[in-house]
Amino acid sequence: MPDILVVGGGPVGLTLAIELRRRGISVRLIDSAEGPFGGSRGKGIQPRSLEILDMMGAIDDVLADSSLYQLMKLHIGPLRIKAKSLGTSHAATTDRPYPNMVMVAQWRTELALRRRLEELGGAVEYGVGLETLTQSSGEVTARLTNGEQVTAAYLVGCDGGRSPTRKQLGLQLIGSAIDDRTMIVADMEIDGLDRRYWHVWPRRYGGPVAFAPLPNSNLWQLQASEKIADAGLENGVYRLTGKRPGKVVWQSRFRHQARMVERYRVGRVFLAGDAAHIHPPSGAQGLNTGIQDAFNLGWKLVSALRTGDGGILDTYEAERLPIAAEMLNLTSKLLADGSNKRGELTNQLGVGYRSSPLSKGGAIGNLFPGDRMPDERLADGRRLLEVLRTGNAVQILRQDGRKILVRPDGYVAEVIVPDVTSYFGFDVEHVSPEYSN
């Protein structure tokens, strides 16, 4: 019997499974699809998500297949106008080792996460979904689409916008469509477009139409109104660009929506990612918010299993639901305004849990309990993110006698004086920064 049953093997479910496996928890990860996802859909990885990938041990593969966001080139009639990138190009600093959003096709992100999960002894079971679930005070029983019955201590639905888990719980995605347009996203070959730019036609086919060059490939990601495909997608692309497209390797249609559930938890069953909130793609927040849901929940499930006290699991909804609501408001506003503003608005480095019941004590300067702990170079030469790869909590010992307790997910828990050896069932590693301040 697995400790945790995770439904949905995309980036969110993979993140959660990794968080559990790297701390020795047995997990079964199922996905109703017949195989891995093959498209570029969620291609923007924000700085905070890159830090999470670092702590999980999956950062190298992701960065190897990524690039910074390109400058944009606007096509307006006969004019070709260069414009700012949607991303930044800041230099890395000690406290921000990953200061920029990067572009990487979603299927490559998932591949990096699957490889990491396999290193930890886990795997995705494809072709198996959730059919029904029941739960008691001590366990969850799920009937799977292959007829199997599985019992686990907890179940987490990471199974997307049409989540069978959410439907079994009787929860609804509350909100609305932002507009009545059907959009198309597709990965295709196009010879002759300059890959140094993200090409945008602001006023065509109900505009904008955008082609983003996907890193380490000859493919472009198209995002446009469905009108571009009225006479066939290839014909629409040719009429727009003057270039005859080659192979279309993946495509999907969607509508801009802003919806979320009112609860993240019902008993021993939890929701994460698109199962709990659906974002418009503006600002690259959907996949990133989902990964951070899973990263928040993972160590708390481990704590509940190790200590036998599930009280900490109440903080998952308390911490993550307000952030999902905030991100929905942000992405909806960016879409409505047609804004290209990104950077500090969207990088999620400022996202934190100051109002959480887990955040205690005073501040050190501008650093409050609940804030993301900036990365630091430690006296032994390691970085704080490297220490957090152990999956434990960390106490930072400063020369002035103050001590900062950092949660296993990298957020400040408390500014304290005495030494501590455990935190909600986790060992506490004691470190000192290279330069105390």
# chains A, B, ... in the order shown; residues from 1 in each chain; ligands from 1

$ residues_around --residues "Met188 (chain A)" --least-positions-apart "5" --cutoff "8 Å" --atoms "only C-alpha atoms" --output "number ranges by chain"
A: 219-222, 245-250

$ residues_around --residues "Glu319 (chain A)" --least-positions-apart "6" --cutoff "9 Å" --atoms "only C-alpha atoms" --output "PDB file with N, CA and C atoms, in the first residue's frame"
ATOM      1  N   ASN A 296       4.804  23.012  -1.693  1.00  0.00           N
ATOM      2  CA  ASN A 296       4.295  23.368  -0.368  1.00  0.00           C
ATOM      3  C   ASN A 296       3.674  22.162   0.331  1.00  0.00           C
ATOM      4  N   GLY A 352       5.014  34.830  -0.510  1.00  0.00           N
ATOM      5  CA  GLY A 352       5.373  34.301   0.792  1.00  0.00           C
ATOM      6  C   GLY A 352       4.161  34.054   1.665  1.00  0.00           C
ATOM      7  N   TYR A 353       4.429  33.721   2.918  1.00  0.00           N
ATOM      8  CA  TYR A 353       3.384  33.271   3.830  1.00  0.00           C
ATOM      9  C   TYR A 353       3.453  34.006   5.176  1.00  0.00           C
ATOM     10  N   SER A 355       1.277  35.676   6.749  1.00  0.00           N
ATOM     11  CA  SER A 355       0.090  35.526   7.586  1.00  0.00           C
ATOM     12  C   SER A 355      -0.165  34.070   7.988  1.00  0.00           C
ATOM     13  N   SER A 356       0.726  33.166   7.619  1.00  0.00           N
ATOM     14  CA  SER A 356       0.548  31.750   7.923  1.00  0.00           C
ATOM     15  C   SER A 356       0.689  31.487   9.418  1.00  0.00           C
ATOM     16  N   PRO A 357      -0.072  30.526   9.948  1.00  0.00           N
ATOM     17  CA  PRO A 357       0.120  30.127  11.349  1.00  0.00           C
ATOM     18  C   PRO A 357       1.492  29.520  11.605  1.00  0.00           C
TER      19      PRO A 357
END

$ closest_atom_pairs --of "region 139-239 of chain A" --to "region 58-74 of chain A" --cutoff "12 Å" --atoms "only C-alpha atoms" --output "tab-separated table"
residue	atom	partner	partner_atom	distance
A:Leu193	CA	A:Lys73	CA	11.0
A:Asp194	CA	A:Lys73	CA	9.7
A:Arg195	CA	A:Gln70	CA	8.6
A:Arg196	CA	A:Gln70	CA	6.4
A:Tyr197	CA	A:Leu71	CA	5.3
A:Trp198	CA	A:Met72	CA	4.6
A:His199	CA	A:Lys73	CA	4.9
A:Val200	CA	A:Leu74	CA	4.9
A:Trp201	CA	A:Leu74	CA	6.0
A:Pro202	CA	A:Leu74	CA	7.1
A:Arg203	CA	A:Leu74	CA	10.0
A:Arg204	CA	A:Leu74	CA	11.5
A:Gly207	CA	A:Leu74	CA	11.7
A:Pro208	CA	A:Leu74	CA	9.9
A:Val209	CA	A:Leu74	CA	10.0
A:Ala210	CA	A:Leu74	CA	9.3
A:Phe211	CA	A:Met72	CA	9.7
A:Ala212	CA	A:Gln70	CA	8.2
A:Pro213	CA	A:Gln70	CA	8.3
A:Leu214	CA	A:Ser66	CA	8.4
A:Pro215	CA	A:Ser66	CA	5.7
A:Asn216	CA	A:Asp65	CA	6.0
A:Ser217	CA	A:Asp65	CA	9.2

$ atom_distance --atom1 "CA of Ile312 (chain A)" --atom2 "CA of Leu297 (chain A)"
9.8 Å

$ residues_around --residues "Gly362 (chain A)" --least-positions-apart "2" --cutoff "9 Å" --atoms "only C-alpha atoms" --output "JSON, numbers by chain"
{"A": [360, 364, 367, 368, 369, 414, 415, 416]}

$ select_by_dssp --residues "region 195-392 of chain A" --states "alpha helix (DSSP H)" --output "PyMOL selection string"
chain A and resi 233-241+286-307+314-337+384-388

$ decode --residues "region 284-319 of chain A" --atoms "N, CA and C atoms" --output "PDB file, in the first residue's frame"
ATOM      1  N   ALA A 284       2.740  33.670 -17.426  1.00  0.00           N
ATOM      2  CA  ALA A 284       3.355  32.360 -17.159  1.00  0.00           C
ATOM      3  C   ALA A 284       3.228  31.988 -15.690  1.00  0.00           C
ATOM      4  N   GLN A 285       1.986  31.935 -15.190  1.00  0.00           N
ATOM      5  CA  GLN A 285       1.760  31.657 -13.776  1.00  0.00           C
ATOM      6  C   GLN A 285       1.137  30.290 -13.510  1.00  0.00           C
ATOM      7  N   GLY A 286       0.416  29.728 -14.461  1.00  0.00           N
ATOM      8  CA  GLY A 286      -0.327  28.506 -14.202  1.00  0.00           C
ATOM      9  C   GLY A 286       0.552  27.345 -13.791  1.00  0.00           C
ATOM     10  N   LEU A 287       1.477  26.937 -14.644  1.00  0.00           N
ATOM     11  CA  LEU A 287       2.357  25.819 -14.334  1.00  0.00           C
ATOM     12  C   LEU A 287       3.191  26.124 -13.101  1.00  0.00           C
ATOM     13  N   ASN A 288       3.676  27.348 -12.991  1.00  0.00           N
ATOM     14  CA  ASN A 288       4.526  27.720 -11.862  1.00  0.00           C
ATOM     15  C   ASN A 288       3.769  27.682 -10.546  1.00  0.00           C
ATOM     16  N   THR A 289       2.547  28.186 -10.535  1.00  0.00           N
ATOM     17  CA  THR A 289       1.753  28.151  -9.317  1.00  0.00           C
ATOM     18  C   THR A 289       1.454  26.714  -8.921  1.00  0.00           C
ATOM     19  N   GLY A 290       1.211  25.846  -9.894  1.00  0.00           N
ATOM     20  CA  GLY A 290       0.956  24.445  -9.610  1.00  0.00           C
ATOM     21  C   GLY A 290       2.165  23.739  -9.022  1.00  0.00           C
ATOM     22  N   ILE A 291       3.348  23.979  -9.581  1.00  0.00           N
ATOM     23  CA  ILE A 291       4.571  23.393  -9.043  1.00  0.00           C
ATOM     24  C   ILE A 291       4.764  23.833  -7.596  1.00  0.00           C
ATOM     25  N   GLN A 292       4.468  25.097  -7.322  1.00  0.00           N
ATOM     26  CA  GLN A 292       4.662  25.601  -5.963  1.00  0.00           C
ATOM     27  C   GLN A 292       3.587  25.079  -5.006  1.00  0.00           C
ATOM     28  N   ASP A 293       2.380  24.800  -5.510  1.00  0.00           N
ATOM     29  CA  ASP A 293       1.401  24.073  -4.687  1.00  0.00           C
ATOM     30  C   ASP A 293       1.994  22.758  -4.206  1.00  0.00           C
ATOM     31  N   ALA A 294       2.511  21.983  -5.153  1.00  0.00           N
ATOM     32  CA  ALA A 294       3.028  20.653  -4.831  1.00  0.00           C
ATOM     33  C   ALA A 294       4.226  20.731  -3.898  1.00  0.00           C
ATOM     34  N   PHE A 295       5.079  21.719  -4.101  1.00  0.00           N
ATOM     35  CA  PHE A 295       6.264  21.879  -3.264  1.00  0.00           C
ATOM     36  C   PHE A 295       5.867  22.232  -1.833  1.00  0.00           C
ATOM     37  N   ASN A 296       4.804  23.012  -1.693  1.00  0.00           N
ATOM     38  CA  ASN A 296       4.295  23.368  -0.368  1.00  0.00           C
ATOM     39  C   ASN A 296       3.674  22.162   0.331  1.00  0.00           C
ATOM     40  N   LEU A 297       2.904  21.375  -0.413  1.00  0.00           N
ATOM     41  CA  LEU A 297       2.187  20.252   0.171  1.00  0.00           C
ATOM     42  C   LEU A 297       3.098  19.078   0.494  1.00  0.00           C
ATOM     43  N   GLY A 298       4.136  18.870  -0.311  1.00  0.00           N
ATOM     44  CA  GLY A 298       4.952  17.668  -0.172  1.00  0.00           C
ATOM     45  C   GLY A 298       5.532  17.482   1.213  1.00  0.00           C
ATOM     46  N   TRP A 299       6.241  18.480   1.725  1.00  0.00           N
ATOM     47  CA  TRP A 299       6.898  18.307   3.024  1.00  0.00           C
ATOM     48  C   TRP A 299       5.882  18.214   4.151  1.00  0.00           C
ATOM     49  N   LYS A 300       4.705  18.809   3.961  1.00  0.00           N
ATOM     50  CA  LYS A 300       3.672  18.743   4.996  1.00  0.00           C
ATOM     51  C   LYS A 300       3.050  17.345   5.075  1.00  0.00           C
ATOM     52  N   LEU A 301       2.881  16.695   3.932  1.00  0.00           N
ATOM     53  CA  LEU A 301       2.428  15.307   3.954  1.00  0.00           C
ATOM     54  C   LEU A 301       3.449  14.412   4.645  1.00  0.00           C
ATOM     55  N   VAL A 302       4.719  14.665   4.373  1.00  0.00           N
ATOM     56  CA  VAL A 302       5.777  13.896   5.034  1.00  0.00           C
ATOM     57  C   VAL A 302       5.708  14.106   6.542  1.00  0.00           C
ATOM     58  N   SER A 303       5.525  15.347   6.964  1.00  0.00           N
ATOM     59  CA  SER A 303       5.423  15.650   8.393  1.00  0.00           C
ATOM     60  C   SER A 303       4.259  14.901   9.029  1.00  0.00           C
ATOM     61  N   ALA A 304       3.103  14.932   8.352  1.00  0.00           N
ATOM     62  CA  ALA A 304       1.927  14.249   8.901  1.00  0.00           C
ATOM     63  C   ALA A 304       2.169  12.753   9.059  1.00  0.00           C
ATOM     64  N   LEU A 305       2.844  12.152   8.083  1.00  0.00           N
ATOM     65  CA  LEU A 305       3.115  10.718   8.143  1.00  0.00           C
ATOM     66  C   LEU A 305       4.148  10.386   9.219  1.00  0.00           C
ATOM     67  N   ARG A 306       5.173  11.222   9.350  1.00  0.00           N
ATOM     68  CA  ARG A 306       6.235  10.937  10.323  1.00  0.00           C
ATOM     69  C   ARG A 306       5.769  11.139  11.755  1.00  0.00           C
ATOM     70  N   THR A 307       4.982  12.176  11.996  1.00  0.00           N
ATOM     71  CA  THR A 307       4.604  12.519  13.366  1.00  0.00           C
ATOM     72  C   THR A 307       3.270  11.931  13.780  1.00  0.00           C
ATOM     73  N   GLY A 308       2.452  11.505  12.811  1.00  0.00           N
ATOM     74  CA  GLY A 308       1.113  11.033  13.124  1.00  0.00           C
ATOM     75  C   GLY A 308       0.150  12.150  13.438  1.00  0.00           C
ATOM     76  N   ASP A 309       0.582  13.408  13.250  1.00  0.00           N
ATOM     77  CA  ASP A 309      -0.254  14.578  13.519  1.00  0.00           C
ATOM     78  C   ASP A 309      -0.521  15.296  12.200  1.00  0.00           C
ATOM     79  N   GLY A 310      -1.776  15.241  11.733  1.00  0.00           N
ATOM     80  CA  GLY A 310      -2.126  15.855  10.455  1.00  0.00           C
ATOM     81  C   GLY A 310      -2.482  17.318  10.535  1.00  0.00           C
ATOM     82  N   GLY A 311      -2.315  17.940  11.706  1.00  0.00           N
ATOM     83  CA  GLY A 311      -2.709  19.339  11.858  1.00  0.00           C
ATOM     84  C   GLY A 311      -2.006  20.277  10.898  1.00  0.00           C
ATOM     85  N   ILE A 312      -0.730  19.975  10.575  1.00  0.00           N
ATOM     86  CA  ILE A 312       0.024  20.852   9.684  1.00  0.00           C
ATOM     87  C   ILE A 312      -0.594  20.918   8.288  1.00  0.00           C
ATOM     88  N   LEU A 313      -1.368  19.899   7.912  1.00  0.00           N
ATOM     89  CA  LEU A 313      -1.957  19.871   6.572  1.00  0.00           C
ATOM     90  C   LEU A 313      -2.996  20.962   6.377  1.00  0.00           C
ATOM     91  N   ASP A 314      -3.553  21.494   7.472  1.00  0.00           N
ATOM     92  CA  ASP A 314      -4.497  22.607   7.344  1.00  0.00           C
ATOM     93  C   ASP A 314      -3.820  23.853   6.791  1.00  0.00           C
ATOM     94  N   THR A 315      -2.503  23.955   6.970  1.00  0.00           N
ATOM     95  CA  THR A 315      -1.806  25.157   6.500  1.00  0.00           C
ATOM     96  C   THR A 315      -1.605  25.156   4.991  1.00  0.00           C
ATOM     97  N   TYR A 316      -1.783  24.017   4.339  1.00  0.00           N
ATOM     98  CA  TYR A 316      -1.654  23.982   2.866  1.00  0.00           C
ATOM     99  C   TYR A 316      -2.679  24.912   2.230  1.00  0.00           C
ATOM    100  N   GLU A 317      -3.931  24.715   2.534  1.00  0.00           N
ATOM    101  CA  GLU A 317      -4.970  25.596   1.983  1.00  0.00           C
ATOM    102  C   GLU A 317      -4.801  27.025   2.474  1.00  0.00           C
ATOM    103  N   ALA A 318      -4.474  27.191   3.754  1.00  0.00           N
ATOM    104  CA  ALA A 318      -4.326  28.535   4.322  1.00  0.00           C
ATOM    105  C   ALA A 318      -3.234  29.319   3.609  1.00  0.00           C
ATOM    106  N   GLU A 319      -2.167  28.637   3.182  1.00  0.00           N
ATOM    107  CA  GLU A 319      -1.064  29.329   2.517  1.00  0.00           C
ATOM    108  C   GLU A 319      -1.265  29.458   1.017  1.00  0.00           C
TER     109      GLU A 319
END
